[in-house]
$ cat model-v2.pdb   # PDB, C-alpha atoms, pLDDT in the B column
ATOM      1  CA  ASP A 104     127.426   7.220  13.839  1.00 64.00           C
ATOM      2  CA  GLY A 105     124.358   6.585  15.961  1.00 71.00           C
ATOM      3  CA  GLY A 106     122.450   9.504  17.247  1.00 93.00           C
ATOM      4  CA  ILE A 107     119.305  11.551  17.388  1.00 95.00           C
ATOM      5  CA  THR A 108     118.618  14.235  14.791  1.00 96.00           C
ATOM      6  CA  GLN A 109     116.234  17.134  15.025  1.00 96.00           C
ATOM      7  CA  SER A 110     115.293  19.363  12.144  1.00 93.00           C
ATOM      8  CA  PRO A 111     115.127  22.155  11.371  1.00 93.00           C
ATOM      9  CA  LYS A 112     117.443  23.922  13.822  1.00 93.00           C
ATOM     10  CA  TYR A 113     115.490  27.178  13.503  1.00 95.00           C
ATOM     11  CA  LEU A 114     111.832  27.490  12.535  1.00 94.00           C
ATOM     12  CA  PHE A 115     109.617  30.514  12.113  1.00 93.00           C
ATOM     13  CA  ARG A 116     105.852  30.264  12.184  1.00 90.00           C
ATOM     14  CA  LYS A 117     103.096  32.724  11.569  1.00 90.00           C
ATOM     15  CA  GLU A 118     100.343  32.916  14.121  1.00 88.00           C
ATOM     16  CA  GLY A 119      97.531  30.493  13.351  1.00 87.00           C
ATOM     17  CA  GLN A 120      99.720  28.008  11.468  1.00 91.00           C
ATOM     18  CA  ASN A 121     100.538  24.452  12.428  1.00 94.00           C
ATOM     19  CA  VAL A 122     104.183  23.395  12.198  1.00 95.00           C
ATOM     20  CA  THR A 123     105.836  19.998  12.531  1.00 96.00           C
ATOM     21  CA  LEU A 124     109.216  19.413  14.141  1.00 97.00           C
ATOM     22  CA  SER A 125     111.130  16.351  13.057  1.00 97.00           C
ATOM     23  CA  CYS A 126     112.953  13.921  15.361  1.00 98.00           C
ATOM     24  CA  GLU A 127     114.740  10.808  14.076  1.00 97.00           C
ATOM     25  CA  GLN A 128     116.957   8.341  15.942  1.00 97.00           C
ATOM     26  CA  ASN A 129     119.060   5.425  14.746  1.00 96.00           C
ATOM     27  CA  LEU A 130     119.928   4.137  18.201  1.00 94.00           C
ATOM     28  CA  ASN A 131     117.245   1.454  18.141  1.00 93.00           C
ATOM     29  CA  HIS A 132     115.720   2.988  21.258  1.00 92.00           C
ATOM     30  CA  ASP A 133     112.174   2.111  22.248  1.00 91.00           C
ATOM     31  CA  ALA A 134     111.349   5.307  24.135  1.00 91.00           C
ATOM     32  CA  MET A 135     111.200   8.833  22.751  1.00 93.00           C
ATOM     33  CA  TYR A 136     110.348  12.152  24.394  1.00 94.00           C
ATOM     34  CA  TRP A 137     109.578  15.759  23.557  1.00 96.00           C
ATOM     35  CA  TYR A 138     110.484  18.553  25.962  1.00 95.00           C
ATOM     36  CA  ARG A 139     109.953  22.273  25.845  1.00 96.00           C
ATOM     37  CA  GLN A 140     112.539  24.675  27.289  1.00 93.00           C
ATOM     38  CA  ASP A 141     111.827  28.357  27.884  1.00 91.00           C
ATOM     39  CA  PRO A 142     114.589  30.908  28.553  1.00 81.00           C
ATOM     40  CA  GLY A 143     116.137  30.429  31.960  1.00 73.00           C
ATOM     41  CA  GLN A 144     113.836  27.540  32.763  1.00 77.00           C
ATOM     42  CA  GLY A 145     114.035  23.809  32.981  1.00 84.00           C
ATOM     43  CA  LEU A 146     112.599  21.146  30.721  1.00 90.00           C
ATOM     44  CA  ARG A 147     108.897  20.423  30.645  1.00 92.00           C
ATOM     45  CA  LEU A 148     107.630  17.160  29.191  1.00 92.00           C
ATOM     46  CA  ILE A 149     105.167  17.492  26.321  1.00 96.00           C
ATOM     47  CA  TYR A 150     104.655  13.904  25.127  1.00 96.00           C
ATOM     48  CA  TYR A 151     106.468  10.609  25.402  1.00 93.00           C
ATOM     49  CA  SER A 152     106.259   7.241  23.698  1.00 93.00           C
ATOM     50  CA  GLN A 153     107.422   3.901  25.029  1.00 89.00           C
ATOM     51  CA  ILE A 154     106.642   1.862  21.934  1.00 90.00           C
ATOM     52  CA  VAL A 155     105.534   2.229  18.340  1.00 93.00           C
ATOM     53  CA  ASN A 156     101.907   3.300  17.886  1.00 94.00           C
ATOM     54  CA  ASP A 157     101.598   4.327  21.515  1.00 93.00           C
ATOM     55  CA  PHE A 158     102.252   7.629  23.284  1.00 94.00           C
ATOM     56  CA  GLN A 159     101.219   9.459  26.445  1.00 93.00           C
ATOM     57  CA  LYS A 160     100.662  13.072  27.376  1.00 95.00           C
ATOM     58  CA  GLY A 161     103.256  14.755  29.507  1.00 92.00           C
ATOM     59  CA  ASP A 162     102.766  17.791  31.723  1.00 90.00           C
ATOM     60  CA  ILE A 163     102.051  20.365  28.990  1.00 95.00           C
ATOM     61  CA  ALA A 164     100.446  18.467  26.080  1.00 96.00           C
ATOM     62  CA  GLU A 165      97.730  21.019  25.267  1.00 96.00           C
ATOM     63  CA  GLY A 166      98.199  22.519  21.815  1.00 96.00           C
ATOM     64  CA  TYR A 167     100.589  19.779  20.677  1.00 97.00           C
ATOM     65  CA  SER A 168     100.193  16.461  18.889  1.00 97.00           C
ATOM     66  CA  VAL A 169     102.542  13.582  18.090  1.00 98.00           C
ATOM     67  CA  SER A 170     102.646  10.319  16.193  1.00 97.00           C
ATOM     68  CA  ARG A 171     104.832   7.222  16.507  1.00 97.00           C
ATOM     69  CA  GLU A 172     104.315   5.216  13.328  1.00 97.00           C
ATOM     70  CA  LYS A 173     107.933   4.074  13.174  1.00 97.00           C
ATOM     71  CA  LYS A 174     110.402   3.234  15.912  1.00 96.00           C
ATOM     72  CA  GLU A 175     112.907   5.727  14.513  1.00 97.00           C
ATOM     73  CA  SER A 176     110.611   8.728  14.226  1.00 98.00           C
ATOM     74  CA  PHE A 177     108.599  10.844  16.676  1.00 98.00           C
ATOM     75  CA  PRO A 178     107.432  14.084  15.023  1.00 98.00           C
ATOM     76  CA  LEU A 179     105.843  16.857  17.066  1.00 98.00           C
ATOM     77  CA  THR A 180     103.167  19.150  15.639  1.00 97.00           C
ATOM     78  CA  VAL A 181     102.686  22.518  17.269  1.00 96.00           C
ATOM     79  CA  THR A 182      99.109  23.484  16.493  1.00 94.00           C
ATOM     80  CA  SER A 183      97.455  26.867  16.356  1.00 89.00           C
ATOM     81  CA  ALA A 184      95.833  26.003  19.681  1.00 88.00           C
ATOM     82  CA  GLN A 185      99.185  26.404  21.445  1.00 89.00           C
ATOM     83  CA  LYS A 186      98.965  29.919  22.833  1.00 87.00           C
ATOM     84  CA  ASN A 187     102.638  30.607  23.368  1.00 90.00           C
ATOM     85  CA  PRO A 188     104.684  28.318  21.123  1.00 93.00           C
ATOM     86  CA  THR A 189     107.925  30.318  20.971  1.00 95.00           C
ATOM     87  CA  ALA A 190     110.467  28.117  22.736  1.00 95.00           C
ATOM     88  CA  PHE A 191     113.362  25.712  22.344  1.00 94.00           C
ATOM     89  CA  TYR A 192     112.149  22.144  21.695  1.00 96.00           C
ATOM     90  CA  LEU A 193     114.235  19.130  22.586  1.00 95.00           C
ATOM     91  CA  CYS A 194     113.703  15.553  21.500  1.00 96.00           C
ATOM     92  CA  ALA A 195     115.243  12.654  23.394  1.00 94.00           C
ATOM     93  CA  SER A 196     115.340   8.881  23.260  1.00 93.00           C
ATOM     94  CA  SER A 197     116.225   6.123  25.681  1.00 90.00           C
ATOM     95  CA  ILE A 198     116.625   2.377  25.634  1.00 85.00           C
ATOM     96  CA  SER A 199     114.042   2.113  28.382  1.00 72.00           C
ATOM     97  CA  ALA A 200     115.934  -0.816  29.872  1.00 52.00           C
ATOM     98  CA  GLY A 201     114.431  -1.350  33.283  1.00 56.00           C
ATOM     99  CA  SER A 202     114.456   1.829  35.314  1.00 57.00           C
ATOM    100  CA  VAL A 203     117.755   3.241  34.058  1.00 61.00           C
ATOM    101  CA  THR A 204     116.283   5.361  31.317  1.00 70.00           C
ATOM    102  CA  GLU A 205     119.350   7.381  30.449  1.00 84.00           C
ATOM    103  CA  ALA A 206     118.341   9.790  27.694  1.00 89.00           C
ATOM    104  CA  PHE A 207     120.140  10.922  24.559  1.00 91.00           C
ATOM    105  CA  PHE A 208     119.183  14.338  23.227  1.00 93.00           C
ATOM    106  CA  GLY A 209     119.028  15.974  19.845  1.00 94.00           C
ATOM    107  CA  GLN A 210     120.445  19.441  19.220  1.00 94.00           C
ATOM    108  CA  GLY A 211     117.056  21.099  19.527  1.00 94.00           C
ATOM    109  CA  THR A 212     114.751  23.208  17.354  1.00 96.00           C
ATOM    110  CA  ARG A 213     114.207  26.849  18.171  1.00 95.00           C
ATOM    111  CA  LEU A 214     110.676  27.844  17.175  1.00 95.00           C
ATOM    112  CA  THR A 215     109.727  31.495  16.857  1.00 95.00           C
ATOM    113  CA  VAL A 216     106.256  32.811  16.142  1.00 90.00           C
ATOM    114  CA  VAL A 217     106.326  35.929  13.973  1.00 86.00           C
TER     115      VAL A 217
ATOM    116  CA  GLY B  84     104.590  12.545  42.388  1.00 79.00           C
ATOM    117  CA  ASN B  85     108.328  12.434  41.876  1.00 84.00           C
ATOM    118  CA  SER B  86     110.204  15.713  41.676  1.00 89.00           C
ATOM    119  CA  VAL B  87     113.681  17.221  41.571  1.00 93.00           C
ATOM    120  CA  THR B  88     114.785  20.461  43.220  1.00 94.00           C
ATOM    121  CA  GLN B  89     118.026  22.216  42.310  1.00 93.00           C
ATOM    122  CA  MET B  90     119.741  25.195  43.787  1.00 85.00           C
ATOM    123  CA  GLU B  91     118.909  28.329  41.882  1.00 83.00           C
ATOM    124  CA  GLY B  92     121.522  30.054  39.801  1.00 84.00           C
ATOM    125  CA  PRO B  93     123.275  31.658  38.322  1.00 93.00           C
ATOM    126  CA  VAL B  94     126.443  30.501  40.014  1.00 95.00           C
ATOM    127  CA  THR B  95     129.600  32.471  39.224  1.00 97.00           C
ATOM    128  CA  LEU B  96     133.024  31.212  40.270  1.00 97.00           C
ATOM    129  CA  SER B  97     136.643  31.924  39.516  1.00 97.00           C
ATOM    130  CA  GLU B  98     138.723  29.371  37.664  1.00 97.00           C
ATOM    131  CA  GLU B  99     140.101  26.608  39.918  1.00 97.00           C
ATOM    132  CA  ALA B 100     137.417  27.199  42.567  1.00 97.00           C
ATOM    133  CA  PHE B 101     135.505  24.327  44.180  1.00 97.00           C
ATOM    134  CA  LEU B 102     132.016  23.734  42.836  1.00 97.00           C
ATOM    135  CA  THR B 103     128.902  22.369  44.521  1.00 97.00           C
ATOM    136  CA  ILE B 104     125.465  22.391  42.907  1.00 97.00           C
ATOM    137  CA  ASN B 105     122.807  21.042  45.237  1.00 97.00           C
ATOM    138  CA  CYS B 106     120.103  18.650  44.097  1.00 97.00           C
ATOM    139  CA  THR B 107     117.451  16.954  46.193  1.00 97.00           C
ATOM    140  CA  TYR B 108     114.666  14.700  45.063  1.00 95.00           C
ATOM    141  CA  THR B 109     111.322  13.307  46.110  1.00 93.00           C
ATOM    142  CA  ALA B 110     110.528   9.840  44.866  1.00 89.00           C
ATOM    143  CA  THR B 111     108.764   6.627  45.654  1.00 84.00           C
ATOM    144  CA  GLY B 112     110.520   3.410  44.825  1.00 81.00           C
ATOM    145  CA  TYR B 113     114.165   3.360  43.804  1.00 83.00           C
ATOM    146  CA  PRO B 114     114.901   5.872  41.060  1.00 89.00           C
ATOM    147  CA  SER B 115     118.112   6.360  39.122  1.00 91.00           C
ATOM    148  CA  LEU B 116     119.708   9.798  39.302  1.00 94.00           C
ATOM    149  CA  PHE B 117     121.492  11.794  36.614  1.00 95.00           C
ATOM    150  CA  TRP B 118     123.325  15.028  35.937  1.00 97.00           C
ATOM    151  CA  TYR B 119     123.090  16.484  32.447  1.00 96.00           C
ATOM    152  CA  VAL B 120     124.974  19.458  31.005  1.00 97.00           C
ATOM    153  CA  GLN B 121     123.764  21.882  28.326  1.00 94.00           C
ATOM    154  CA  TYR B 122     126.103  24.169  26.418  1.00 92.00           C
ATOM    155  CA  PRO B 123     124.638  27.276  24.728  1.00 86.00           C
ATOM    156  CA  GLY B 124     122.280  26.520  21.853  1.00 83.00           C
ATOM    157  CA  GLU B 125     122.663  22.768  22.180  1.00 87.00           C
ATOM    158  CA  GLY B 126     120.823  19.771  23.542  1.00 88.00           C
ATOM    159  CA  LEU B 127     121.628  18.058  26.815  1.00 92.00           C
ATOM    160  CA  GLN B 128     124.492  15.625  27.321  1.00 94.00           C
ATOM    161  CA  LEU B 129     124.676  13.057  30.083  1.00 94.00           C
ATOM    162  CA  LEU B 130     127.441  14.014  32.521  1.00 97.00           C
ATOM    163  CA  LEU B 131     127.138  11.229  35.108  1.00 97.00           C
ATOM    164  CA  LYS B 132     124.659   8.862  36.702  1.00 95.00           C
ATOM    165  CA  ALA B 133     124.039   6.661  39.731  1.00 95.00           C
ATOM    166  CA  THR B 134     121.558   3.824  39.858  1.00 91.00           C
ATOM    167  CA  LYS B 135     121.385   2.887  43.536  1.00 91.00           C
ATOM    168  CA  ALA B 136     122.010   4.251  47.008  1.00 93.00           C
ATOM    169  CA  ASP B 137     125.646   5.084  47.842  1.00 95.00           C
ATOM    170  CA  ASP B 138     126.705   4.825  44.198  1.00 96.00           C
ATOM    171  CA  LYS B 139     129.071   7.560  43.063  1.00 97.00           C
ATOM    172  CA  GLY B 140     128.906   8.770  39.496  1.00 97.00           C
ATOM    173  CA  SER B 141     131.943  10.535  38.046  1.00 97.00           C
ATOM    174  CA  ASN B 142     133.075  12.022  34.754  1.00 97.00           C
ATOM    175  CA  LYS B 143     135.434  14.809  33.620  1.00 95.00           C
ATOM    176  CA  GLY B 144     136.344  15.623  37.227  1.00 97.00           C
ATOM    177  CA  PHE B 145     132.713  15.932  38.312  1.00 98.00           C
ATOM    178  CA  GLU B 146     131.285  13.657  41.008  1.00 98.00           C
ATOM    179  CA  ALA B 147     127.934  13.049  42.666  1.00 98.00           C
ATOM    180  CA  THR B 148     126.912  10.495  45.294  1.00 98.00           C
ATOM    181  CA  TYR B 149     123.420   9.025  45.561  1.00 97.00           C
ATOM    182  CA  ARG B 150     122.416   9.683  49.207  1.00 96.00           C
ATOM    183  CA  LYS B 151     119.152   7.972  50.002  1.00 94.00           C
ATOM    184  CA  GLU B 152     119.128   9.089  53.645  1.00 94.00           C
ATOM    185  CA  THR B 153     119.167  12.759  52.636  1.00 95.00           C
ATOM    186  CA  THR B 154     117.497  12.257  49.219  1.00 96.00           C
ATOM    187  CA  SER B 155     120.310  14.199  47.596  1.00 97.00           C
ATOM    188  CA  PHE B 156     122.609  13.975  44.581  1.00 98.00           C
ATOM    189  CA  HIS B 157     124.852  17.037  44.819  1.00 98.00           C
ATOM    190  CA  LEU B 158     127.267  17.744  41.968  1.00 98.00           C
ATOM    191  CA  GLU B 159     130.873  18.600  42.894  1.00 98.00           C
ATOM    192  CA  LYS B 160     134.114  19.431  41.156  1.00 98.00           C
ATOM    193  CA  GLY B 161     137.362  20.246  42.860  1.00 97.00           C
ATOM    194  CA  SER B 162     138.746  22.769  40.372  1.00 96.00           C
ATOM    195  CA  VAL B 163     136.507  24.301  37.723  1.00 97.00           C
ATOM    196  CA  GLN B 164     137.623  25.565  34.335  1.00 97.00           C
ATOM    197  CA  VAL B 165     136.218  28.216  32.024  1.00 96.00           C
ATOM    198  CA  SER B 166     135.081  25.414  29.719  1.00 95.00           C
ATOM    199  CA  ASP B 167     132.754  24.152  32.472  1.00 97.00           C
ATOM    200  CA  SER B 168     130.491  27.169  31.949  1.00 96.00           C
ATOM    201  CA  ALA B 169     127.090  25.712  31.032  1.00 96.00           C
ATOM    202  CA  VAL B 170     123.684  24.887  32.467  1.00 95.00           C
ATOM    203  CA  TYR B 171     123.528  21.790  34.659  1.00 96.00           C
ATOM    204  CA  PHE B 172     120.382  19.732  35.164  1.00 96.00           C
ATOM    205  CA  CYS B 173     119.690  17.145  37.831  1.00 96.00           C
ATOM    206  CA  ALA B 174     117.228  14.431  36.799  1.00 94.00           C
ATOM    207  CA  LEU B 175     115.665  11.187  37.924  1.00 91.00           C
ATOM    208  CA  SER B 176     113.906   8.266  36.349  1.00 87.00           C
ATOM    209  CA  GLY B 177     112.489   4.984  37.533  1.00 77.00           C
ATOM    210  CA  GLY B 178     110.665   4.249  40.726  1.00 66.00           C
ATOM    211  CA  SER B 179     107.104   5.418  40.224  1.00 61.00           C
ATOM    212  CA  SER B 180     108.266   7.489  37.224  1.00 58.00           C
ATOM    213  CA  ALA B 181     109.599   4.482  35.359  1.00 62.00           C
ATOM    214  CA  SER B 182     108.473   5.747  31.983  1.00 68.00           C
ATOM    215  CA  LYS B 183     109.510   9.358  32.391  1.00 79.00           C
ATOM    216  CA  ILE B 184     112.642  11.369  33.046  1.00 86.00           C
ATOM    217  CA  ILE B 185     112.001  14.237  35.437  1.00 88.00           C
ATOM    218  CA  PHE B 186     114.337  17.232  35.345  1.00 91.00           C
ATOM    219  CA  GLY B 187     115.173  19.957  37.806  1.00 92.00           C
ATOM    220  CA  SER B 188     114.999  23.583  36.709  1.00 91.00           C
ATOM    221  CA  GLY B 189     118.692  23.792  35.843  1.00 93.00           C
ATOM    222  CA  THR B 190     121.579  25.801  37.304  1.00 95.00           C
ATOM    223  CA  ARG B 191     123.570  28.166  35.121  1.00 94.00           C
ATOM    224  CA  LEU B 192     127.285  28.095  35.918  1.00 96.00           C
ATOM    225  CA  SER B 193     129.690  30.799  34.776  1.00 96.00           C
ATOM    226  CA  ILE B 194     133.442  30.534  35.376  1.00 97.00           C
ATOM    227  CA  ARG B 195     135.634  33.653  35.319  1.00 96.00           C
ATOM    228  CA  PRO B 196     139.197  33.308  33.992  1.00 93.00           C
TER     229      PRO B 196
END
$ encode --input "model-v2.pdb" --output "structure tokens"
Amino acid sequence: DGGITQSPKYLFRKEGQNVTLSCEQNLNHDAMYWYRQDPGQGLRLIYYSQIVNDFQKGDIAEGYSVSREKKESFPLTVTSAQKNPTAFYLCASSISAGSVTEAFFGQGTRLTVV
Amino acid sequence: GNSVTQMEGPVTLSEEAFLTINCTYTATGYPSLFWYVQYPGEGLQLLLKATKADDKGSNKGFEATYRKETTSFHLEKGSVQVSDSAVYFCALSGGSSASKIIFGSGTRLSIRP
């Protein structure tokens, strides 16, 4: 079955550590996105990528980094520079066909700083 | 820039009640509009979409009509069920935000048996 897979589902990080969240898709989609969701709030865009080896900052990119070396993969690193990293992180992909960029989402990774 | 505004929740209704969740948008160009649903602890799932003015998206008894004159895309359902309890997000893409999907803040819906 085609889909988008995030791992791990739960992740605990000590303060000062970098952690990497995995996102893989087998939908052959060109575009991939990372969003952050805080309790009771909407989705805020961290980074997005329209094509391999290219990505752009979203609204809250500070303290995060990404790479897009393969079409299928778009890992997100939460660095120690991110002051408040505890949140639910969602990865998405879309075909990026014209302007109808309907997105498919993974199940999310809940990151907790301990 | 483009933006989406949703009615604030939470919204609590009794089973079989009529549902409306308001969504308005600001956009240049001709965006596509979406409603997504999120069940507890999960990612978002596309509920319905509309790609041009006057289009009506529908799925699972939910409907929304793309109203360019009022820049709105309100979500409606005639008779809600307990299983409809979730968070609903209005979103847009395209127009001047062709590369991005912009979400509203979400509306939490709770249905009482």
$ resolve_selection --input "model-v2.pdb" --expression "the PyMOL selection byres ((chain A) within 9 of (chain B))" --output "MDAnalysis selection string"
chainID A and resid 134 136 143:148 151:153 161 191 193:194 199 201:211 213
$ atom_distance --input "model-v2.pdb" --atom1 "CA of Glu146 (chain B)" --atom2 "CA of Tyr192 (chain A)"
28.5 Å
$ resolve_selection --input "model-v2.pdb" --expression "the PyMOL selection byres ((chain A and resi 214) around 9)" --output "mmCIF file with C-alpha atoms, in the coordinates of the input"
data_model
loop_
_atom_site.group_PDB
_atom_site.id
_atom_site.type_symbol
_atom_site.label_atom_id
_atom_site.label_comp_id
_atom_site.auth_asym_id
_atom_site.auth_seq_id
_atom_site.Cartn_x
_atom_site.Cartn_y
_atom_site.Cartn_z
ATOM 1 C CA LYS A 112 117.443 23.922 13.822
ATOM 2 C CA TYR A 113 115.490 27.178 13.503
ATOM 3 C CA LEU A 114 111.832 27.490 12.535
ATOM 4 C CA PHE A 115 109.617 30.514 12.113
ATOM 5 C CA ARG A 116 105.852 30.264 12.184
ATOM 6 C CA PRO A 188 104.684 28.318 21.123
ATOM 7 C CA THR A 189 107.925 30.318 20.971
ATOM 8 C CA ALA A 190 110.467 28.117 22.736
ATOM 9 C CA PHE A 191 113.362 25.712 22.344
ATOM 10 C CA TYR A 192 112.149 22.144 21.695
ATOM 11 C CA THR A 212 114.751 23.208 17.354
ATOM 12 C CA ARG A 213 114.207 26.849 18.171
ATOM 13 C CA THR A 215 109.727 31.495 16.857
ATOM 14 C CA VAL A 216 106.256 32.811 16.142
#
$ atom_distance --input "model-v2.pdb" --atom1 "CA of Thr123 (chain A)" --atom2 "CA of Ser197 (chain A)"
21.8 Å
$ resolve_selection --input "model-v2.pdb" --expression "the PyMOL selection byres ((chain A and resi 150) around 9)" --output "ChimeraX atom specification"
/A:135-138,148-149,151-152,158-164,167-169,179
$ residues_around --input "model-v2.pdb" --residues "Asn121 (chain A)" --least-positions-apart "6" --cutoff "6 Å" --atoms "all atoms listed in the file" --output "ChimeraX atom specification"
/A:181-183
$ closest_residue --input "model-v2.pdb" --among "A:Phe177, A:Ser196, A:Gly106, A:Gln185" --to "Val122 (chain A)" --atoms "only C-alpha atoms"
A:Gln185
$ closest_residue --input "model-v2.pdb" --among "B:Ala136, B:Ala110, B:Leu96, B:Leu130" --to "Ser168 (chain B)" --atoms "only C-alpha atoms"
B:Leu96
$ decode --input "model-v2.pdb" --residues "region 91-138 of chain B" --atoms "C-alpha atoms" --output "short mmCIF file (atom, residue, chain, number, x, y, z; two decimals), in the first residue's frame"
data_model
loop_
_atom_site.label_atom_id
_atom_site.label_comp_id
_atom_site.auth_asym_id
_atom_site.auth_seq_id
_atom_site.Cartn_x
_atom_site.Cartn_y
_atom_site.Cartn_z
CA GLU B 91 -12.96 28.99 17.21
CA GLY B 92 -13.96 25.90 19.10
CA PRO B 93 -14.64 23.79 20.82
CA VAL B 94 -18.01 23.06 19.29
CA THR B 95 -20.26 20.66 21.20
CA LEU B 96 -23.42 19.25 19.65
CA SER B 97 -25.89 16.49 20.30
CA GLU B 98 -26.09 13.54 17.95
CA GLU B 99 -28.19 14.21 14.83
CA ALA B 100 -27.77 17.99 15.15
CA PHE B 101 -26.89 20.19 12.17
CA LEU B 102 -23.26 21.24 11.94
CA THR B 103 -21.66 24.37 10.49
CA ILE B 104 -17.99 25.23 10.90
CA ASN B 105 -17.15 28.58 9.35
CA CYS B 106 -14.04 29.15 7.27
CA THR B 107 -13.02 32.29 5.41
CA TYR B 108 -9.86 32.93 3.47
CA THR B 109 -7.70 35.69 2.10
CA ALA B 110 -5.89 34.92 -1.11
CA THR B 111 -4.58 36.35 -4.32
CA GLY B 112 -5.06 34.34 -7.46
CA TYR B 113 -7.29 31.28 -7.53
CA PRO B 114 -6.52 28.90 -4.69
CA SER B 115 -7.92 25.44 -4.07
CA LEU B 116 -9.71 24.89 -0.77
CA PHE B 117 -9.73 21.86 1.51
CA TRP B 118 -11.16 20.47 4.72
CA TYR B 119 -9.04 18.02 6.67
CA VAL B 120 -10.02 15.98 9.73
CA GLN B 121 -7.74 14.84 12.57
CA TYR B 122 -8.71 12.10 15.00
CA PRO B 123 -6.92 11.95 18.38
CA GLY B 124 -3.23 11.10 18.16
CA GLU B 125 -3.26 10.79 14.38
CA GLY B 126 -2.27 12.74 11.31
CA LEU B 127 -4.67 14.65 9.11
CA GLN B 128 -6.93 13.07 6.50
CA LEU B 129 -8.43 14.90 3.55
CA LEU B 130 -12.20 15.18 4.02
CA LEU B 131 -13.18 17.15 0.91
CA LYS B 132 -11.91 19.72 -1.55
CA ALA B 133 -12.98 22.28 -4.13
CA THR B 134 -10.76 23.67 -6.84
CA LYS B 135 -12.74 26.57 -8.29
CA ALA B 136 -15.51 29.02 -7.47
CA ASP B 137 -18.97 27.50 -6.93
CA ASP B 138 -17.56 23.97 -6.71
#
